[in-house]
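*Asks:* Got a structure for you, written out below as structure tokens; questions coming shortly.
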Amino acid sequence: MGNVYVMDHPLIQHKVSYIRRKELGSKDFRAMVGEIAMLMCYEATRDLKLQEVEIETPICKTIGKELAGKKLAVVPILRAGLGMVEGMLTMIPAAKVGHIGLYRDPDTLEPVEYYCKLPADCDEREVFVVDPMLATGGSSVEAIRMLKDKGVKNIRFMCIIAAPEGVERMKKEHPDVDIYIGALDEHLNSHGYIVPGLGDAGDRIFGTK
Ligand code: URA
């Protein structure tokens, strides 16, 4: 059964408040999204399995610990998810990176796949799907469905800001997926933006507004 974790680390909370400010420019916004992703990755990997390994220091032989279990992959949902990749890789540099592109059909408002490129052995990996904003949940639900269709069994989802509506939808459609959230906001407005949120994360990361 998946769990929902809302980050209580002071550094994450501080940085999330910082990127909400409308006057923050793209360069600083992008840098801070990367830092938040890095800190969230640190928290979200607390339960990764370890195994003992014999090592030799310059002084003597000893038993250390190293990561065991499944290899990792990071899968950003395009476009805004790209902003979280580098921070994730700073923490887990051996992870492979896949990409999923979805756009929202203007008539049906349903997500439509336009790109999907995953590591060949993705089904054997523990996959972290990343997208800064969990709004309606449409994209993340669909991205995770695409991964499951390709045989991926171990999936976690990470977002910086979530609306309760998106969290509920994710819990309903993918109850097995752990969800890591930087801040849980109040609600969605009539345009699908998270309130108070931070505006359009993709535009703010890439300076397209
Ligand atoms: N996507 C964004 O970038 N911002 C929102 O508030 C909702 C969805």
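Scheme for the structure tokens: letters A, B, ... for chains in order shown; per-chain residue numbers from 1; ligand numbers from 1 in order shown.
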Per residue of chain A within 7 Å of ligand 1, what are the shortest atom pair and its distance in Å to one decimal, counting only C-alpha atoms and all ligand atoms, with rows by chain and residue number, as a tab-separated table?
*Replies:*
```
residue	atom	partner	partner_atom_place_in_ligand_line	distance
A:Met133	CA	ligand 1	1 (N)	5.2
A:Leu134	CA	ligand 1	8 (C)	6.6
A:Ala135	CA	ligand 1	7 (C)	4.9
A:Gly192	CA	ligand 1	7 (C)	5.8
A:Tyr193	CA	ligand 1	6 (O)	3.4
A:Ile194	CA	ligand 1	6 (O)	3.8
A:Val195	CA	ligand 1	6 (O)	6.9
A:Gly197	CA	ligand 1	6 (O)	5.4
A:Leu198	CA	ligand 1	6 (O)	6.3
A:Gly199	CA	ligand 1	4 (N)	4.9
A:Asp200	CA	ligand 1	3 (O)	3.4
A:Ala201	CA	ligand 1	3 (O)	3.8
A:Gly202	CA	ligand 1	3 (O)	5.7
```
*Asks:* Residues of range 16-149 of chain A in helix (DSSP H, G or I) according to DSSP, as a VMD selection string?
*Replies:* chain A and resid 16 to 20 26 to 44 80 to 91 122 to 124 138 to 149
*Asks:* Which residues of range 123-142 of chain A have any atom within 10 Å of an atom in range 24-37 of chain A when counting only C-alpha atoms, and what is the closest pair of atoms for each, with the distance in Å to one decimal? Order the rows by chain and rising number and write it as a tab-separated table.
*Replies:*
```
residue	atom	partner	partner_atom	distance
A:Val130	CA	A:Ala37	CA	8.9
A:Asp131	CA	A:Ala37	CA	9.9
A:Pro132	CA	A:Val33	CA	8.1
```
*Asks:* Find the residues near Leu118 in chain A: any atom within 12 Å, counting only C-alpha atoms, skip ones fewer than 2 places away on the same chain, and give them as number ranges by chain.
*Replies:* A: 73-77, 95-101, 115-116, 120-125, 127, 129, 143, 146-147, 150-152
*Asks:* Produce a file of the selected residues containing C-alpha atoms, as a tab-separated table (two decimals), in the first residue's frame.
*Replies:*
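Contents of again.tsv, as written:
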```
chain	number	residue	atom	x	y	z
A	73	ALA	CA	15.67	5.30	-12.45
A	74	VAL	CA	14.35	8.85	-12.56
A	75	VAL	CA	11.51	9.63	-14.96
A	76	PRO	CA	10.56	13.30	-15.34
A	77	ILE	CA	7.21	14.17	-16.85
A	95	ALA	CA	20.31	6.21	-11.74
A	96	LYS	CA	19.22	5.99	-15.39
A	97	VAL	CA	16.86	8.65	-16.74
A	98	GLY	CA	13.71	8.05	-18.81
A	99	HIS	CA	11.35	10.70	-20.18
A	100	ILE	CA	7.59	10.80	-20.55
A	101	GLY	CA	5.89	13.56	-22.54
A	115	TYR	CA	6.93	10.87	-26.02
A	116	CYS	CA	8.13	7.92	-23.99
A	120	ALA	CA	15.66	-0.82	-21.43
A	121	ASP	CA	15.68	-2.52	-18.02
A	122	CYS	CA	13.19	-0.09	-16.48
A	123	ASP	CA	10.93	-2.94	-15.33
A	124	GLU	CA	13.74	-4.15	-13.05
A	125	ARG	CA	14.33	-0.73	-11.51
A	127	VAL	CA	11.46	4.27	-10.57
A	129	VAL	CA	8.57	9.75	-11.36
A	143	ALA	CA	2.57	8.54	-16.68
A	146	MET	CA	2.38	3.96	-18.93
A	147	LEU	CA	5.19	2.68	-16.69
A	150	LYS	CA	5.74	-1.59	-19.53
A	151	GLY	CA	6.05	-3.87	-16.51
A	152	VAL	CA	7.46	-1.43	-13.94
```
*Asks:* For Thr90 in chain A, which residue among A:Leu50, A:Leu67, A:Leu39, A:Leu11 is the nearest when counting only C-alpha atoms?
*Replies:*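 Under the stated criterion, the closest residue is A:Leu39.
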*Asks:* Would you mind listing what lies within 10 Å of range 167-171 of chain A as a ChimeraX atom specification, with only C-alpha atoms counted and same-chain residues fewer than 5 positions away left out?
*Replies:* /A:1-4,134-138,140-142,144,157,162,176-179,181,184
*Asks:* Between CA of Phe206 in chain A and CA of Glu23 in chain A, what is the distance in Å, rounded to a tenth?
*Replies:* 15.0 Å
*Asks:* Using only C-alpha atoms, which protein or nucleic acid residues come within 9 Å of Glu66 in chain A? Drop anything in the same chain fewer than 5 positions from it, and give the result as number ranges by chain.
*Replies:* A: 49-53
*Asks:* For the residues in the current selection, export N, CA and C atoms as a PDB file, in the first residue's frame.
*Replies:*
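Below is the file that was written, result_25.pdb:
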```pdb
ATOM      1  N   LYS A  49      17.356  -0.312   0.473  1.00  0.00           N
ATOM      2  CA  LYS A  49      18.010  -1.439   1.155  1.00  0.00           C
ATOM      3  C   LYS A  49      19.534  -1.342   1.063  1.00  0.00           C
ATOM      4  N   LEU A  50      20.177  -1.821   2.127  1.00  0.00           N
ATOM      5  CA  LEU A  50      21.644  -1.828   2.190  1.00  0.00           C
ATOM      6  C   LEU A  50      22.137  -3.253   2.335  1.00  0.00           C
ATOM      7  N   GLN A  51      23.367  -3.465   1.918  1.00  0.00           N
ATOM      8  CA  GLN A  51      23.999  -4.755   2.199  1.00  0.00           C
ATOM      9  C   GLN A  51      25.408  -4.489   2.733  1.00  0.00           C
ATOM     10  N   GLU A  52      25.907  -5.444   3.503  1.00  0.00           N
ATOM     11  CA  GLU A  52      27.248  -5.288   4.053  1.00  0.00           C
ATOM     12  C   GLU A  52      28.277  -5.614   2.985  1.00  0.00           C
ATOM     13  N   VAL A  53      29.383  -4.883   3.043  1.00  0.00           N
ATOM     14  CA  VAL A  53      30.452  -5.106   2.079  1.00  0.00           C
ATOM     15  C   VAL A  53      31.789  -4.978   2.808  1.00  0.00           C
TER      16      VAL A  53
END
```
*Asks:* Kindly indicate which residue among A:Leu82, A:Leu188, A:Leu48, A:Ala183 lies nearest to His9 in chain A, using only C-alpha atoms for the distances.
*Replies:*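 Smallest distance to His9 in chain A is found for A:Ala183.
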*Asks:* Find the residue from A:Val6, A:Asp47, A:His187, A:Ile19 that sits nearest to Ala68 in chain A; use only C-alpha atoms when measuring.
*Replies:*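 Selected residue with least distance to Ala68 in chain A: A:Asp47.
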*Asks:* Interatomic distance between CA of Ser139 in chain A and CA of Lys70 in chain A?
*Replies:*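 Separation of CA of Ser139 in chain A and CA of Lys70 in chain A: 25.5 Å.
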*Asks:* Determine the nearest neighbour of Ile12 in chain A from the options A:Tyr114, A:Tyr103, A:Phe128, A:Tyr42, counting only C-alpha atoms.
*Replies:*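 The shortest atom-to-atom distance to Ile12 in chain A comes from A:Tyr42.
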*Asks:* Which residues are near Gly182 in chain A? Cut-off 6 Å, only C-alpha atoms, ignore same chain within fewer than 2 positions. Put them as a VMD selection string.
*Replies:* chain A and resid 6 to 7 160 to 161
